[in-house]
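Student: What follows is structure_24.cif, made up of mmCIF, C-alpha atoms and all ligand atoms:
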```
data_start
#
loop_
_atom_site.label_atom_id
_atom_site.label_comp_id
_atom_site.auth_asym_id
_atom_site.auth_seq_id
_atom_site.Cartn_x
_atom_site.Cartn_y
_atom_site.Cartn_z
CA MET A 207 -223.95 -12.89 54.04
CA ASN A 208 -225.95 -12.12 50.89
CA GLY A 209 -225.42 -15.64 49.54
CA LYS A 210 -225.11 -14.43 45.94
CA LYS A 211 -223.25 -16.64 43.51
CA VAL A 212 -220.54 -15.29 41.19
CA LEU A 213 -219.27 -17.29 38.23
CA ILE A 214 -215.85 -16.23 36.91
CA THR A 215 -214.67 -17.15 33.39
CA GLY A 216 -210.97 -17.37 32.55
CA ALA A 217 -210.48 -17.89 36.27
CA ASP A 218 -206.72 -18.57 36.19
CA GLY A 219 -206.02 -15.19 34.57
CA MET A 220 -204.43 -12.19 36.27
CA LEU A 221 -207.54 -10.08 36.88
CA ALA A 222 -209.73 -13.11 37.65
CA THR A 223 -207.30 -14.32 40.34
CA ASP A 224 -207.23 -10.99 42.17
CA PHE A 225 -210.98 -10.51 41.74
CA ALA A 226 -211.65 -13.90 43.36
CA ASP A 227 -209.31 -13.04 46.26
CA VAL A 228 -211.00 -9.69 46.87
CA LEU A 229 -214.44 -11.28 46.67
CA ASN A 230 -213.33 -14.04 49.06
CA GLU A 231 -212.24 -11.46 51.62
CA LYS A 232 -215.79 -10.12 51.62
CA SER A 233 -217.09 -13.66 52.38
CA ASP A 234 -220.56 -12.60 51.22
CA TYR A 235 -220.45 -14.53 48.01
CA THR A 236 -220.18 -18.06 46.71
CA ILE A 237 -217.50 -18.05 44.02
CA VAL A 238 -217.37 -20.51 41.13
CA ARG A 239 -214.03 -20.20 39.34
CA LEU A 240 -213.94 -21.75 35.88
CA ASN A 241 -210.64 -21.76 34.04
CA ARG A 242 -210.25 -22.62 30.35
CA GLN A 243 -209.99 -26.36 31.13
CA LYS A 244 -213.32 -26.29 32.98
CA LEU A 245 -215.11 -23.97 30.56
CA ASP A 246 -213.93 -23.15 27.07
CA ILE A 247 -216.16 -20.20 26.18
CA ARG A 248 -216.07 -21.16 22.48
CA ASP A 249 -218.19 -24.22 23.31
CA ARG A 250 -221.79 -23.01 23.23
CA ASN A 251 -223.23 -26.23 24.69
CA ALA A 252 -220.73 -26.20 27.53
CA VAL A 253 -221.60 -22.57 28.33
CA SER A 254 -225.31 -23.47 28.32
CA ASP A 255 -224.76 -26.48 30.62
CA VAL A 256 -222.63 -24.55 33.08
CA MET A 257 -225.04 -21.63 33.33
CA ASN A 258 -228.01 -23.94 33.87
CA GLN A 259 -226.24 -26.08 36.46
CA ILE A 260 -224.64 -23.23 38.44
CA ARG A 261 -227.29 -20.55 37.96
CA PRO A 262 -225.09 -17.67 39.14
CA ASP A 263 -226.41 -14.24 40.09
CA TYR A 264 -223.41 -12.55 38.49
CA VAL A 265 -221.05 -13.57 35.70
CA LEU A 266 -217.65 -11.90 35.70
CA HIS A 267 -216.42 -12.58 32.19
CA THR A 268 -212.66 -12.10 31.99
CA ALA A 269 -211.78 -14.97 29.64
CA ALA A 270 -210.04 -13.64 26.56
CA LEU A 271 -207.07 -13.87 24.28
CA SER A 272 -205.35 -10.85 25.80
CA ASP A 273 -202.07 -10.90 23.83
CA VAL A 274 -202.52 -8.15 21.24
CA ASP A 275 -199.74 -9.39 18.93
CA TYR A 276 -200.95 -13.00 19.08
CA CYS A 277 -204.45 -11.81 18.10
CA GLU A 278 -203.08 -9.88 15.13
CA GLU A 279 -201.59 -13.07 13.68
CA ASN A 280 -204.42 -15.39 14.76
CA ARG A 281 -207.46 -13.45 13.68
CA ALA A 282 -209.93 -16.36 13.56
CA HIS A 283 -208.95 -17.53 17.03
CA ALA A 284 -209.24 -13.97 18.41
CA PHE A 285 -212.76 -13.49 17.03
CA ARG A 286 -213.87 -16.96 18.15
CA VAL A 287 -212.83 -16.32 21.75
CA ASN A 288 -213.14 -12.56 22.32
CA GLY A 289 -216.13 -11.97 20.07
CA HIS A 290 -218.21 -15.12 19.68
CA GLY A 291 -217.11 -16.66 23.00
CA THR A 292 -218.41 -13.50 24.66
CA GLU A 293 -221.63 -13.86 22.69
CA ASN A 294 -222.07 -17.36 24.15
CA ILE A 295 -221.58 -15.97 27.65
CA ALA A 296 -223.92 -13.02 27.04
CA TYR A 297 -226.69 -15.17 25.53
CA TYR A 298 -226.77 -17.71 28.36
CA THR A 299 -226.29 -15.10 31.10
CA GLN A 300 -229.45 -13.42 29.84
CA LYS A 301 -231.29 -16.78 29.69
CA ILE A 302 -230.77 -17.34 33.40
CA LYS A 303 -231.43 -13.65 34.21
CA ALA A 304 -228.03 -13.04 35.77
CA LYS A 305 -226.02 -9.82 35.61
CA LEU A 306 -223.06 -9.80 33.23
CA ILE A 307 -219.83 -7.94 33.88
CA TYR A 308 -217.87 -8.09 30.64
CA ILE A 309 -214.23 -7.03 30.90
CA SER A 310 -213.45 -5.22 27.68
CA THR A 311 -210.39 -3.04 27.06
CA CYS A 312 -209.11 0.53 26.93
CA ALA A 313 -207.33 -0.29 23.65
CA LEU A 314 -210.32 0.81 21.57
CA PHE A 315 -209.03 4.24 20.66
CA GLY A 316 -206.57 5.90 18.34
CA ASP A 317 -203.46 7.98 18.28
CA GLU A 318 -204.78 11.36 19.38
CA ILE A 319 -203.23 12.23 22.75
CA LYS A 320 -206.23 12.81 25.01
CA GLU A 321 -208.25 11.13 27.75
CA TYR A 322 -211.03 9.16 26.07
CA THR A 323 -214.47 8.99 27.67
CA GLU A 324 -217.21 6.40 27.19
CA CYS A 325 -218.80 8.80 24.66
CA ASP A 326 -215.81 8.94 22.31
CA PRO A 327 -216.13 6.98 19.08
CA VAL A 328 -213.95 3.90 18.98
CA VAL A 329 -211.01 3.60 16.56
CA LEU A 330 -210.37 -0.10 16.10
CA LYS A 331 -206.78 -0.39 14.92
CA THR A 332 -206.00 -3.99 15.87
CA VAL A 333 -207.63 -7.40 15.59
CA TYR A 334 -207.61 -7.50 19.40
CA ALA A 335 -209.59 -4.24 19.55
CA ARG A 336 -212.06 -5.39 16.90
CA SER A 337 -212.62 -8.74 18.57
CA LYS A 338 -213.07 -7.24 22.06
CA TYR A 339 -215.43 -4.60 20.66
CA LEU A 340 -217.46 -7.35 18.99
CA GLY A 341 -217.75 -8.78 22.51
CA GLU A 342 -219.20 -5.42 23.64
CA GLU A 343 -221.70 -5.40 20.78
CA LYS A 344 -222.82 -8.95 21.56
CA THR A 345 -223.16 -8.08 25.25
CA LYS A 346 -225.46 -5.16 24.36
CA GLU A 347 -227.36 -7.26 21.82
CA TRP A 348 -228.28 -10.08 24.20
CA CYS A 349 -228.21 -8.73 27.75
CA ASP A 350 -230.51 -6.36 29.61
CA ARG A 351 -228.40 -6.14 32.75
CA TYR A 352 -224.77 -5.65 31.81
CA PHE A 353 -221.71 -3.70 32.88
CA ILE A 354 -219.07 -3.32 30.21
CA VAL A 355 -215.84 -2.43 31.99
CA ARG A 356 -212.93 -0.99 30.01
CA PRO A 357 -209.89 -1.09 32.31
CA GLY A 358 -206.59 0.73 31.87
CA TRP A 359 -203.21 -1.03 31.49
CA LEU A 360 -203.59 -3.83 34.03
CA PHE A 361 -201.03 -5.06 36.53
CA GLY A 362 -201.42 -7.44 39.45
CA GLY A 363 -201.89 -11.16 40.03
CA ASN A 364 -198.90 -13.34 40.89
CA LYS A 365 -195.48 -13.70 39.31
CA ASN A 366 -196.58 -16.60 37.12
CA HIS A 367 -199.18 -14.55 35.27
CA LYS A 368 -197.90 -13.92 31.79
CA ARG A 369 -199.66 -10.53 31.62
CA ASN A 370 -197.94 -9.36 34.83
CA PHE A 371 -196.25 -6.23 33.43
CA VAL A 372 -194.78 -5.13 36.77
CA TYR A 373 -193.09 -8.45 37.51
CA GLN A 374 -191.86 -8.76 33.91
CA ARG A 375 -190.19 -5.33 34.11
CA TYR A 376 -188.59 -6.35 37.43
CA ARG A 377 -187.15 -9.49 35.78
CA GLU A 378 -185.97 -7.43 32.83
CA ALA A 379 -184.28 -4.93 35.16
CA LEU A 380 -182.52 -7.73 37.06
CA ASN A 381 -181.11 -9.16 33.84
CA HIS A 382 -180.30 -5.99 31.87
CA PRO A 383 -178.40 -3.00 33.31
CA GLU A 384 -179.94 -0.76 30.61
CA ILE A 385 -183.54 -1.02 29.47
CA HIS A 386 -185.65 0.77 26.87
CA SER A 387 -189.21 1.92 27.09
CA ALA A 388 -191.59 3.83 24.82
CA SER A 389 -192.07 7.48 25.71
CA ASP A 390 -194.72 7.99 23.00
CA GLN A 391 -197.31 5.55 24.37
CA TYR A 392 -199.80 6.86 26.89
CA GLY A 393 -202.10 4.97 29.25
CA CYS A 394 -203.46 4.57 32.76
CA PRO A 395 -201.75 1.85 34.82
CA THR A 396 -204.44 0.04 36.82
CA TYR A 397 -204.11 -2.35 39.74
CA THR A 398 -206.33 -5.43 39.43
CA ARG A 399 -207.19 -5.40 43.16
CA HIS A 400 -208.36 -1.77 43.04
CA LEU A 401 -210.32 -2.49 39.88
CA SER A 402 -211.90 -5.55 41.54
CA HIS A 403 -213.14 -3.53 44.50
CA LYS A 404 -214.78 -1.07 42.12
CA ILE A 405 -216.36 -3.81 40.01
CA ILE A 406 -217.92 -5.37 43.11
CA GLU A 407 -219.31 -1.99 44.18
CA LEU A 408 -220.68 -1.45 40.68
CA MET A 409 -222.20 -4.88 40.12
CA GLU A 410 -224.30 -4.57 43.27
CA THR A 411 -226.12 -1.61 41.72
CA ASN A 412 -228.49 -1.27 38.79
CA HIS A 413 -226.40 1.42 37.11
CA TYR A 414 -225.85 -0.64 33.98
CA GLY A 415 -223.75 0.60 31.10
CA VAL A 416 -220.20 1.13 29.85
CA TYR A 417 -217.52 2.16 32.35
CA HIS A 418 -213.92 3.26 31.89
CA ILE A 419 -212.11 2.24 35.09
CA SER A 420 -208.47 3.00 35.86
CA ASN A 421 -206.30 4.19 38.68
CA GLY A 422 -205.95 7.98 38.83
CA GLY A 423 -203.50 9.86 36.61
CA SER A 424 -201.77 8.71 33.46
CA ALA A 425 -198.26 7.95 32.24
CA THR A 426 -196.12 7.10 29.28
CA ARG A 427 -194.79 3.55 29.21
CA TYR A 428 -191.38 5.03 30.00
CA GLU A 429 -192.68 6.79 33.15
CA TYR A 430 -194.50 3.63 34.18
CA VAL A 431 -191.42 1.43 33.76
CA LYS A 432 -189.23 3.95 35.59
CA LYS A 433 -191.66 3.96 38.52
CA ILE A 434 -191.63 0.14 38.67
CA VAL A 435 -187.86 -0.18 38.53
CA ARG A 436 -187.19 2.57 41.09
CA THR A 437 -189.87 1.22 43.47
CA PHE A 438 -188.01 -2.11 43.44
CA GLY A 439 -184.95 -0.08 44.52
CA LEU A 440 -183.04 -0.74 41.28
CA ASN A 441 -180.87 1.84 39.51
CA ASN A 442 -180.90 0.61 35.91
CA LYS A 443 -180.45 3.20 33.20
CA ILE A 444 -183.79 3.55 31.45
CA HIS A 445 -183.79 4.95 27.93
CA PRO A 446 -186.94 6.63 26.54
CA VAL A 447 -187.45 5.48 22.94
CA ASP A 448 -190.08 5.73 20.19
CA SER A 449 -192.43 2.76 20.04
CA GLY A 450 -190.91 1.94 16.61
CA PHE A 451 -187.91 0.67 18.61
CA PHE A 452 -189.97 -2.45 19.42
CA LYS A 453 -190.96 -4.66 16.51
CA ARG A 454 -194.62 -5.49 17.03
CA LYS A 455 -197.12 -7.42 14.93
CA ALA A 456 -200.10 -5.25 15.90
CA PRO A 457 -200.47 -1.52 15.12
CA ALA A 458 -201.29 -0.76 18.76
CA PRO A 459 -202.75 2.72 19.40
CA ARG A 460 -200.38 5.33 20.85
CA CYS A 461 -202.88 6.62 23.37
CA VAL A 462 -205.24 4.58 25.54
CA MET A 463 -205.67 7.10 28.35
CA ILE A 464 -209.19 6.90 29.72
CA LYS A 465 -211.29 9.29 31.73
CA ASN A 466 -213.58 7.58 34.26
CA ALA A 467 -216.46 9.85 33.28
CA ASN A 468 -219.35 7.46 33.82
CA LEU A 469 -218.15 6.51 37.32
CA SER A 470 -218.05 10.23 38.21
CA ILE A 471 -221.43 10.99 36.66
CA LYS A 472 -223.07 8.12 38.57
CA GLY A 473 -221.49 9.29 41.85
CA PHE A 474 -219.02 6.43 42.35
CA GLY A 475 -215.69 7.20 44.01
CA LEU A 476 -212.60 7.10 41.78
CA LEU A 477 -209.56 4.82 42.23
CA PRO A 478 -206.33 6.03 43.91
CA ASP A 479 -203.43 7.45 41.88
CA TRP A 480 -201.51 4.86 39.85
CA ASN A 481 -198.18 5.66 41.59
CA THR A 482 -199.67 4.66 44.94
CA ALA A 483 -201.17 1.57 43.34
CA VAL A 484 -197.80 0.46 41.91
CA GLU A 485 -196.19 0.95 45.35
CA GLU A 486 -198.93 -1.08 47.04
CA TYR A 487 -198.59 -3.91 44.54
CA ILE A 488 -194.79 -4.03 44.69
CA ASP A 489 -194.99 -4.23 48.51
CA ARG A 490 -197.23 -7.25 48.08
CA LEU A 491 -195.02 -8.79 45.40
CA LYS A 492 -191.88 -8.38 47.53
CA ARG A 493 -193.55 -10.38 50.31
CA GLU A 494 -194.34 -13.15 47.81
CA LEU A 495 -190.88 -13.24 46.17
CA PRO A 496 -188.33 -15.77 47.46
N1 LIG B 1 -203.76 -7.10 30.71
C1 LIG B 1 -204.16 -5.87 30.41
O1 LIG B 1 -203.38 -4.91 30.44
C2 LIG B 1 -205.60 -5.61 30.05
C3 LIG B 1 -206.01 -4.29 29.85
C4 LIG B 1 -207.34 -4.03 29.56
C5 LIG B 1 -208.25 -5.08 29.46
N2 LIG B 1 -207.83 -6.37 29.62
C6 LIG B 1 -208.85 -7.43 29.55
O2 LIG B 1 -209.05 -7.87 30.89
C7 LIG B 1 -209.37 -9.26 30.93
C8 LIG B 1 -208.42 -9.97 31.88
O3 LIG B 1 -207.10 -9.75 31.41
P1 LIG B 1 -205.86 -10.48 32.09
O4 LIG B 1 -204.70 -9.57 31.91
O5 LIG B 1 -206.23 -11.00 33.43
O6 LIG B 1 -205.69 -11.67 31.04
P2 LIG B 1 -205.11 -13.14 31.22
O7 LIG B 1 -204.26 -13.23 32.43
O8 LIG B 1 -204.55 -13.51 29.88
O9 LIG B 1 -206.44 -13.98 31.50
C9 LIG B 1 -207.31 -14.39 30.49
C10 LIG B 1 -207.69 -15.83 30.77
O10 LIG B 1 -208.61 -16.26 29.74
C11 LIG B 1 -208.31 -17.61 29.47
N3 LIG B 1 -208.82 -18.04 28.17
C12 LIG B 1 -208.24 -17.89 26.94
N4 LIG B 1 -209.00 -18.48 26.00
C13 LIG B 1 -210.09 -19.00 26.63
C14 LIG B 1 -211.21 -19.74 26.21
N5 LIG B 1 -211.39 -20.08 24.91
N6 LIG B 1 -212.13 -20.14 27.14
C15 LIG B 1 -211.96 -19.82 28.45
N7 LIG B 1 -210.90 -19.14 28.91
C16 LIG B 1 -209.97 -18.73 28.02
C17 LIG B 1 -206.82 -17.71 29.57
O11 LIG B 1 -206.45 -19.04 29.80
P3 LIG B 1 -205.05 -19.65 29.23
O12 LIG B 1 -203.96 -18.71 29.73
O13 LIG B 1 -205.03 -21.01 29.81
O14 LIG B 1 -205.18 -19.63 27.74
C18 LIG B 1 -206.51 -16.78 30.76
O15 LIG B 1 -206.45 -17.52 31.96
C19 LIG B 1 -209.30 -9.74 29.48
O16 LIG B 1 -210.61 -9.80 28.98
C20 LIG B 1 -208.50 -8.67 28.76
O17 LIG B 1 -208.89 -8.57 27.40
C21 LIG B 1 -206.53 -6.66 29.93
#
```
Transcribe the structure of this file into structure tokens.

Tutor:
Amino acid sequence: MNGKKVLITGADGMLATDFADVLNEKSDYTIVRLNRQKLDIRDRNAVSDVMNQIRPDYVLHTAALSDVDYCEENRAHAFRVNGHGTENIAYYTQKIKAKLIYISTCALFGDEIKEYTECDPVVLKTVYARSKYLGEEKTKEWCDRYFIVRPGWLFGGNKNHKRNFVYQRYREALNHPEIHSASDQYGCPTYTRHLSHKIIELMETNHYGVYHISNGGSATRYEYVKKIVRTFGLNNKIHPVDSGFFKRKAPAPRCVMIKNANLSIKGFGLLPDWNTAVEEYIDRLKRELP
């Protein structure tokens, strides 16, 4: 028992839920889970009060507006939460000398089809990307001891999580014999439980910095959806389409594949292949489904 205290923001979210479960299994930590009702990160005084009362050793900051299209149409809200809300967290985490783990995003790059490393310049195409990157800048501005984690396309949590891509595709497949998926969008599907294990390993070190973290390998959205549907044992016809097929508000980048270069350089092990991760998660989900 190391008795360290971990405060989690946005605690009802998909990643936060799995992170708390993984941390709980280790039973070494005291976990303080604060959802939006308990701590709205836009409220500077509330952030100050909470940090001073709880005095955590680590702050896992997952709270965000994570819907890219919503952010595109609600720019002020996106910057207030993802940018300035993160600044509030960073400022008061530094004041109490805790370590900050800020969950950023892989969606900071452009349309060139390649694996982006932590050294690649960002290409901020969407309001979501700009607001999350502002969060990174504020983290670096205020904190000495920070980990900025840029995860791949996340899946995990429970079936009620609105960002649960795997469960949503399952529901879609149950209701539509034919489904469409973009074959010109590239990313790295990443299981929130696997990511959580790696974050815990990382946060216990002093290897501060920016980390790309994803499951191994990469896929188009089409390949990802096909894997999900087939792993559920369903035979829907899946049509590969251009991303223009879907009307979206945000000009999302075509390629968000990330290379976990910093993890490798610092000698950390890499996460398992994404196909294995999808299978592991669907096994879990099947046990939870009625
Ligand atoms: N999902 C992905 O594919 C993906 C990929 C890369 C990075 N990320 C990043 O990873 C993190 C976790 O993502 P996720 O998929 O777990 O997202 P999520 O399920 O949407 O969780 C985010 C949580 O933040 C809360 N929140 C929103 N506004 C808030 C505020 N003003 N104060 C406090 N909490 C607030 C939300 O609460 P309400 O629902 O009640 O509003 C939600 O519970 C986010 O920072 C996201 O940007 C996500």

Student: Enumerate, in order of chain and increasing residue number, the residues of chain A with an atom no farther than 6 Å from ligand LIG 1 (chain B), each with its shortest atom pair and distance in Å to one decimal, counting all atoms listed in the file, as JSON lines.

Tutor:
```
{"residue": "A:Gly216", "atom": "CA", "partner": "B:LIG1", "partner_atom": "O10", "distance": 3.8}
{"residue": "A:Ala217", "atom": "CA", "partner": "B:LIG1", "partner_atom": "O15", "distance": 5.9}
{"residue": "A:Asp218", "atom": "CA", "partner": "B:LIG1", "partner_atom": "O15", "distance": 4.4}
{"residue": "A:Gly219", "atom": "CA", "partner": "B:LIG1", "partner_atom": "O9", "distance": 3.3}
{"residue": "A:Met220", "atom": "CA", "partner": "B:LIG1", "partner_atom": "O5", "distance": 3.6}
{"residue": "A:Leu221", "atom": "CA", "partner": "B:LIG1", "partner_atom": "O5", "distance": 3.8}
{"residue": "A:Ala222", "atom": "CA", "partner": "B:LIG1", "partner_atom": "O5", "distance": 5.9}
{"residue": "A:Asn241", "atom": "CA", "partner": "B:LIG1", "partner_atom": "N7", "distance": 5.8}
{"residue": "A:Arg242", "atom": "CA", "partner": "B:LIG1", "partner_atom": "C15", "distance": 3.8}
{"residue": "A:Leu245", "atom": "CA", "partner": "B:LIG1", "partner_atom": "C15", "distance": 5.6}
{"residue": "A:Asp246", "atom": "CA", "partner": "B:LIG1", "partner_atom": "N6", "distance": 3.5}
{"residue": "A:Ile247", "atom": "CA", "partner": "B:LIG1", "partner_atom": "N6", "distance": 4.1}
{"residue": "A:Arg248", "atom": "CA", "partner": "B:LIG1", "partner_atom": "N5", "distance": 5.4}
{"residue": "A:Thr268", "atom": "CA", "partner": "B:LIG1", "partner_atom": "O16", "distance": 4.3}
{"residue": "A:Ala269", "atom": "CA", "partner": "B:LIG1", "partner_atom": "O10", "distance": 3.4}
{"residue": "A:Ala270", "atom": "CA", "partner": "B:LIG1", "partner_atom": "O10", "distance": 4.4}
{"residue": "A:Leu271", "atom": "CA", "partner": "B:LIG1", "partner_atom": "C12", "distance": 5.0}
{"residue": "A:Ser272", "atom": "CA", "partner": "B:LIG1", "partner_atom": "O17", "distance": 4.5}
{"residue": "A:Val287", "atom": "CA", "partner": "B:LIG1", "partner_atom": "N5", "distance": 5.1}
{"residue": "A:Ile309", "atom": "CA", "partner": "B:LIG1", "partner_atom": "O16", "distance": 4.9}
{"residue": "A:Ser310", "atom": "CA", "partner": "B:LIG1", "partner_atom": "C6", "distance": 5.4}
{"residue": "A:Thr311", "atom": "CA", "partner": "B:LIG1", "partner_atom": "C5", "distance": 3.8}
{"residue": "A:Cys312", "atom": "CA", "partner": "B:LIG1", "partner_atom": "C4", "distance": 5.6}
{"residue": "A:Pro357", "atom": "CA", "partner": "B:LIG1", "partner_atom": "C4", "distance": 4.8}
{"residue": "A:Gly358", "atom": "CA", "partner": "B:LIG1", "partner_atom": "C4", "distance": 5.3}
{"residue": "A:Trp359", "atom": "CA", "partner": "B:LIG1", "partner_atom": "O1", "distance": 4.0}
{"residue": "A:Leu360", "atom": "CA", "partner": "B:LIG1", "partner_atom": "O1", "distance": 3.8}
{"residue": "A:His367", "atom": "CA", "partner": "B:LIG1", "partner_atom": "O7", "distance": 6.0}
{"residue": "A:Arg369", "atom": "CA", "partner": "B:LIG1", "partner_atom": "O4", "distance": 5.1}
```

Student: When distances are computed from only C-alpha atoms, which of A:Ile444, A:Thr398, A:Glu293, A:Cys325 shows the smallest separation from Asn364 in chain A?

Tutor: A:Thr398

Student: Can you tell me which residues surround Glu494 in chain A at a distance of at most 12 Å, considering only C-alpha atoms, apart from same-chain residues fewer than 2 positions away, and format the answer as a ChimeraX atom specification?

Tutor: /A:363-366,373,487-492,496

Student: Have a look at A:Phe438, A:Tyr297, A:Tyr430, A:Phe353 and name the one nearest to Asn468 in chain A; count all atoms listed in the file.

Tutor: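 For Asn468 in chain A, the nearest of the given residues is A:Phe353.
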
Student: Have a look at A:Asn421, A:Thr332, A:Ser387, A:Thr437 and name the one nearest to Ala458 in chain A; count only C-alpha atoms.

Tutor: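 Closest to Ala458 in chain A of all the choices is A:Thr332.
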
Student: So that I can check the surroundings of range 349-351 of chain A, please list as number ranges by chain every protein, DNA and RNA residue that reaches within 10 Å of it, counting all atoms listed in the file and ignoring chain neighbours fewer than 6 positions away.

Tutor: A: 264, 293, 295-301, 303-307, 409, 412-415

Student: Since we have the selection now, will you write its residues out, keeping C-alpha atoms, as a PDB file, in the coordinates of the input?

Tutor:
```
ATOM      1  CA  TYR A 264    -223.410 -12.550  38.490  1.00  0.00           C
ATOM      2  CA  GLU A 293    -221.630 -13.860  22.690  1.00  0.00           C
ATOM      3  CA  ILE A 295    -221.580 -15.970  27.650  1.00  0.00           C
ATOM      4  CA  ALA A 296    -223.920 -13.020  27.040  1.00  0.00           C
ATOM      5  CA  TYR A 297    -226.690 -15.170  25.530  1.00  0.00           C
ATOM      6  CA  TYR A 298    -226.770 -17.710  28.360  1.00  0.00           C
ATOM      7  CA  THR A 299    -226.290 -15.100  31.100  1.00  0.00           C
ATOM      8  CA  GLN A 300    -229.450 -13.420  29.840  1.00  0.00           C
ATOM      9  CA  LYS A 301    -231.290 -16.780  29.690  1.00  0.00           C
ATOM     10  CA  LYS A 303    -231.430 -13.650  34.210  1.00  0.00           C
ATOM     11  CA  ALA A 304    -228.030 -13.040  35.770  1.00  0.00           C
ATOM     12  CA  LYS A 305    -226.020  -9.820  35.610  1.00  0.00           C
ATOM     13  CA  LEU A 306    -223.060  -9.800  33.230  1.00  0.00           C
ATOM     14  CA  ILE A 307    -219.830  -7.940  33.880  1.00  0.00           C
ATOM     15  CA  MET A 409    -222.200  -4.880  40.120  1.00  0.00           C
ATOM     16  CA  ASN A 412    -228.490  -1.270  38.790  1.00  0.00           C
ATOM     17  CA  HIS A 413    -226.400   1.420  37.110  1.00  0.00           C
ATOM     18  CA  TYR A 414    -225.850  -0.640  33.980  1.00  0.00           C
ATOM     19  CA  GLY A 415    -223.750   0.600  31.100  1.00  0.00           C
TER      20      GLY A 415
END
```

Student: Which one of A:Lys455, A:Lys472, A:Lys331, A:Arg436 sits closest to Asp275 in chain A if you count all atoms listed in the file?

Tutor: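 With all atoms listed in the file as the atom set, the closest residue is A:Lys455.
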
Student: How many Å separate CA of Gly473 in chain A from CA of Ile354 in chain A?

Tutor: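 It comes out at 17.3 Å.
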
Student: Could you give me, as a PDB file with C-alpha atoms, in the frame of the given file, the residues within 8 Å of Leu476 in chain A, counting only C-alpha atoms and dropping anything in the same chain fewer than 5 positions from it?

Tutor:
```
ATOM      1  CA  ASN A 421    -206.300   4.190  38.680  1.00  0.00           C
ATOM      2  CA  GLY A 422    -205.950   7.980  38.830  1.00  0.00           C
ATOM      3  CA  ASN A 466    -213.580   7.580  34.260  1.00  0.00           C
ATOM      4  CA  LEU A 469    -218.150   6.510  37.320  1.00  0.00           C
ATOM      5  CA  SER A 470    -218.050  10.230  38.210  1.00  0.00           C
TER       6      SER A 470
END
```

Student: Any chance you could build range 215-219 of chain A out to all heavy atoms and write it as a PDB file, in the frame of the given file?

Tutor:
```pdb
ATOM      1  N   THR A 215    -215.274 -16.465  34.553  1.00  0.00           N
ATOM      2  CA  THR A 215    -214.670 -17.150  33.390  1.00  0.00           C
ATOM      3  C   THR A 215    -213.192 -16.758  33.304  1.00  0.00           C
ATOM      4  O   THR A 215    -212.791 -15.703  33.796  1.00  0.00           O
ATOM      5  CB  THR A 215    -215.369 -16.767  32.073  1.00  0.00           C
ATOM      6  OG1 THR A 215    -215.085 -15.381  31.790  1.00  0.00           O
ATOM      7  CG2 THR A 215    -216.871 -16.981  32.127  1.00  0.00           C
ATOM      8  N   GLY A 216    -212.406 -17.644  32.668  1.00  0.00           N
ATOM      9  CA  GLY A 216    -210.970 -17.370  32.550  1.00  0.00           C
ATOM     10  C   GLY A 216    -210.322 -17.234  33.919  1.00  0.00           C
ATOM     11  O   GLY A 216    -209.456 -16.381  34.150  1.00  0.00           O
ATOM     12  N   ALA A 217    -210.743 -18.111  34.841  1.00  0.00           N
ATOM     13  CA  ALA A 217    -210.480 -17.890  36.270  1.00  0.00           C
ATOM     14  C   ALA A 217    -209.011 -17.982  36.680  1.00  0.00           C
ATOM     15  O   ALA A 217    -208.671 -17.562  37.786  1.00  0.00           O
ATOM     16  CB  ALA A 217    -211.318 -18.857  37.107  1.00  0.00           C
ATOM     17  N   ASP A 218    -208.145 -18.540  35.825  1.00  0.00           N
ATOM     18  CA  ASP A 218    -206.720 -18.570  36.190  1.00  0.00           C
ATOM     19  C   ASP A 218    -205.991 -17.303  35.764  1.00  0.00           C
ATOM     20  O   ASP A 218    -204.797 -17.159  36.028  1.00  0.00           O
ATOM     21  CB  ASP A 218    -206.027 -19.781  35.519  1.00  0.00           C
ATOM     22  CG  ASP A 218    -206.423 -21.093  36.192  1.00  0.00           C
ATOM     23  OD1 ASP A 218    -206.991 -21.034  37.307  1.00  0.00           O
ATOM     24  OD2 ASP A 218    -206.165 -22.159  35.594  1.00  0.00           O
ATOM     25  N   GLY A 219    -206.674 -16.399  35.089  1.00  0.00           N
ATOM     26  CA  GLY A 219    -206.020 -15.190  34.570  1.00  0.00           C
ATOM     27  C   GLY A 219    -205.676 -14.210  35.684  1.00  0.00           C
ATOM     28  O   GLY A 219    -206.056 -14.393  36.854  1.00  0.00           O
TER      29      GLY A 219
END
```
